[in-house]
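First comes the structure, then the notes that go with it.
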Amino acid sequence: MSTKQFIAEISSKKIEKATFTWQTPSNIALVKYWGKTNPQIPKNASISFTLNNCNTKTTIEFTHKQNSNNVSELENKVDFDLFFEGKKKEEFKPKIAEFFKRVQLYCPYIFDYQMIIHSENSFPHSSGIASSASGLSAIAMCLMSLESKLNTSLTKEFINKKASFLARLGSGSASRSVEGPLVVWGNHPEIEGSSDLFGIKFPHKVHSAFQNYQDTILLVDKGEKQVSSTLGHNLMQNHPFAENRFAQANENLGKLSKILQNGNIKAFVNLVESEALTLHAMMLTSQPYFILMKPNTLEIINKIWEYRQENNSNVCFTLDAGANVHVLYPFSEKESVQQFIDKKLYKYCQKKQYIYDSVGLGAKSL
Ligand code: PMV
């Protein structure tokens, strides 16, 4: 599929001032993306639950610059200020500047505006919950709000598609943070409409067993990640198991697509946990190798297995590229599993912190 459709036409319209606020969620992958080629093209397709409570709220104030265009464009400089939780954050700027650089071809109008960005997360900063997915998708939505004022013929469908496309250029998993409750990113022969360029809503009817699914995030280690996801993705390049892994992930997505439709929750538990452990197995077997799980990650996993066995429960876990554990369970088990978490798992969390979340529907304009 061509990326040409995403290049905004230069508009003769001039908007002096406009402010947009978007709240966009984090997401948790069930089939994981780990390995990519440039520019942020995934080596396999992935699918995630969109979250509800873990999100980023971002406001961008756009002010049209006097005799704008050419100077900034020639200098290749996008003019913006960034405030995080009310404070100016120079240290966050290079990542956002890099994002603007990657999207400027598709959003040339950004050179015409001075942007003031205010951003805040609903989850504690440095909690080990990746904020790049929610953070970049929020900026992408704000850009699309401006673009749709410059070109009023854009449809909602296109706006979401291009927002996901732009967010992907900042962080791959951010492409899955525009819509919900389930988003597929990456071309997959069995998922109609799927693309390497943007995320799409899972196109099939989902069984009631998976409606309103619950996710409690246990904050095991809130420190900075020892290995960035960029480095991790790169280590898949010469990884001895890479090709098998990419094939396996695509196969798993095919299987999960059927499971989500037929409601086979035992098969869901098995596949999701295996995906999480396989992601970490890739890290254990790369060169250099690394371990992102902590002793308490393993304690929690064992407790979940024990509880599941003893209570004939369908609770399971998944992991991100870090030590935190996402405890996934159906809505029907909400009360019992939350009691189990409150009584048995909280003690493995740093500062006893965990976050109750559930599946959500994606970006919201505020
Ligand atoms: O979006 P990135 O480049 O931070 O990569 C995210 C990779 C995982 O979170 C480990 C898996 C996934 O699919 O979200």
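We label chains A, B, ... in the order they appear in the structure tokens, count residues from 1 in each chain, and number ligands from 1 in the order shown.
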
Quick one: which chain A residues come within 7 Å of ligand 1, and what is the nearest atom pair for each with the distance in Å to one decimal, counting only C-alpha atoms and all ligand atoms, rows ordered by chain and ascending number, as CSV?
residue,atom,partner,partner_atom_place_in_ligand_line,distance
A:Ile28,CA,ligand 1,14 (O),6.1
A:Ala29,CA,ligand 1,13 (O),4.8
A:Val31,CA,ligand 1,13 (O),6.7
A:Lys32,CA,ligand 1,13 (O),3.9
A:Tyr33,CA,ligand 1,13 (O),3.7
A:Trp34,CA,ligand 1,7 (C),5.6
A:Ser46,CA,ligand 1,13 (O),6.0
A:Ser132,CA,ligand 1,4 (O),6.8
A:Ala133,CA,ligand 1,1 (O),6.6
A:Ser171,CA,ligand 1,1 (O),4.4
A:Gly172,CA,ligand 1,1 (O),3.9
A:Ser173,CA,ligand 1,1 (O),3.6
A:Ala174,CA,ligand 1,1 (O),6.0
A:Ser229,CA,ligand 1,4 (O),5.0
A:Thr230,CA,ligand 1,3 (O),5.8
A:Asp320,CA,ligand 1,10 (C),4.8
A:Ala321,CA,ligand 1,10 (C),4.3

Take the residues from that selection and put them in a file with N, CA and C atoms, as a JSON list (two decimals), in the first residue's frame.
[["chain", "number", "residue", "atom", "x", "y", "z"],
["A", 28, "ILE", "N", -1.96, -2.99, 25.47],
["A", 28, "ILE", "CA", -1.12, -4.14, 25.85],
["A", 28, "ILE", "C", -1.24, -5.22, 24.78],
["A", 29, "ALA", "N", -0.08, -5.59, 24.21],
["A", 29, "ALA", "CA", -0.10, -6.55, 23.11],
["A", 29, "ALA", "C", -0.38, -7.96, 23.64],
["A", 31, "VAL", "N", -0.43, -10.61, 21.04],
["A", 31, "VAL", "CA", 0.62, -11.18, 20.17],
["A", 31, "VAL", "C", 1.61, -10.03, 19.96],
["A", 32, "LYS", "N", 2.86, -10.29, 20.27],
["A", 32, "LYS", "CA", 3.84, -9.20, 20.42],
["A", 32, "LYS", "C", 4.56, -8.84, 19.12],
["A", 33, "TYR", "N", 4.87, -7.56, 19.06],
["A", 33, "TYR", "CA", 5.73, -7.02, 17.98],
["A", 33, "TYR", "C", 7.13, -6.87, 18.56],
["A", 34, "TRP", "N", 8.09, -7.54, 17.95],
["A", 34, "TRP", "CA", 9.49, -7.43, 18.43],
["A", 34, "TRP", "C", 10.38, -7.70, 17.23],
["A", 46, "SER", "N", 0.81, -7.88, 14.89],
["A", 46, "SER", "CA", 0.56, -7.97, 16.33],
["A", 46, "SER", "C", -0.88, -7.54, 16.61],
["A", 132, "SER", "N", 5.14, 5.97, 25.51],
["A", 132, "SER", "CA", 5.32, 6.41, 24.13],
["A", 132, "SER", "C", 4.07, 6.11, 23.29],
["A", 133, "ALA", "N", 3.40, 5.00, 23.56],
["A", 133, "ALA", "CA", 2.22, 4.66, 22.75],
["A", 133, "ALA", "C", 1.12, 5.70, 22.96],
["A", 171, "SER", "N", 6.51, 5.53, 17.36],
["A", 171, "SER", "CA", 6.73, 4.29, 18.11],
["A", 171, "SER", "C", 5.75, 3.27, 17.55],
["A", 172, "GLY", "N", 6.27, 2.12, 17.14],
["A", 172, "GLY", "CA", 5.43, 1.14, 16.45],
["A", 172, "GLY", "C", 4.13, 0.85, 17.18],
["A", 173, "SER", "N", 4.25, 0.55, 18.48],
["A", 173, "SER", "CA", 3.05, 0.13, 19.22],
["A", 173, "SER", "C", 2.05, 1.29, 19.36],
["A", 174, "ALA", "N", 2.49, 2.52, 19.15],
["A", 174, "ALA", "CA", 1.57, 3.67, 19.24],
["A", 174, "ALA", "C", 0.50, 3.61, 18.15],
["A", 229, "SER", "N", 13.45, -0.13, 23.82],
["A", 229, "SER", "CA", 12.82, -1.04, 22.87],
["A", 229, "SER", "C", 13.48, -0.91, 21.49],
["A", 230, "THR", "N", 14.02, 0.26, 21.18],
["A", 230, "THR", "CA", 14.72, 0.42, 19.89],
["A", 230, "THR", "C", 15.88, -0.56, 19.81],
["A", 320, "ASP", "N", 5.23, -6.82, 29.14],
["A", 320, "ASP", "CA", 5.75, -5.89, 28.16],
["A", 320, "ASP", "C", 7.25, -6.05, 28.13],
["A", 321, "ALA", "N", 7.96, -5.12, 27.52],
["A", 321, "ALA", "CA", 9.42, -5.19, 27.56],
["A", 321, "ALA", "C", 9.87, -4.58, 28.90]]

Write out as a ChimeraX atom specification all residues of range 91-217 of chain A that backbone DSSP assigns to alpha helix (DSSP H).
/A:93-103,132-150,156-170

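As for CA of Ile15 in chain A and CA of Leu146 in chain A, they are spaced 8.8 Å apart.
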
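With only C-alpha atoms as the atoms that count, the minimum distance from Thr152 in chain A to the choices A:Ser164, A:Gln338, A:Ser11, A:Asn270 is reached by A:Ser11.
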
Determine the nearest neighbour of Thr37 in chain A from the options A:Ile7, A:Val206, A:Met1, A:Met236, counting only C-alpha atoms.
A:Met236

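Between Lys344 in chain A and the candidates A:Asn312, A:Gln23, A:Asn302, A:Ser332, the tightest atom-to-atom separation, counting only C-alpha atoms, involves A:Asn302.
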
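The smallest atom-to-atom distance between Ile300 in chain A and any of A:Val220, A:Gln287, A:Leu260, A:Gln237, using only C-alpha atoms, is found for A:Val220.
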
Leaving out Lys294 in chain A and any residue of its chain fewer than 6 positions from it, which residues lie within 10 Å of it when counting only C-alpha atoms, given as a list of chain:residue names?
A:Val220, A:Asp221, A:Gly322, A:Ala323, A:Asn324

Could you give me the residues within range 129-302 of chain A that DSSP places in strand (DSSP E or B), as an MDAnalysis selection string?
chainID A and resid 179 182:185 199:201 214:218

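Of the listed residues (A:Pro181, A:Gly35, A:Gly263, A:Pro25), A:Gly35 comes nearest to His233 in chain A; the distances count only C-alpha atoms.
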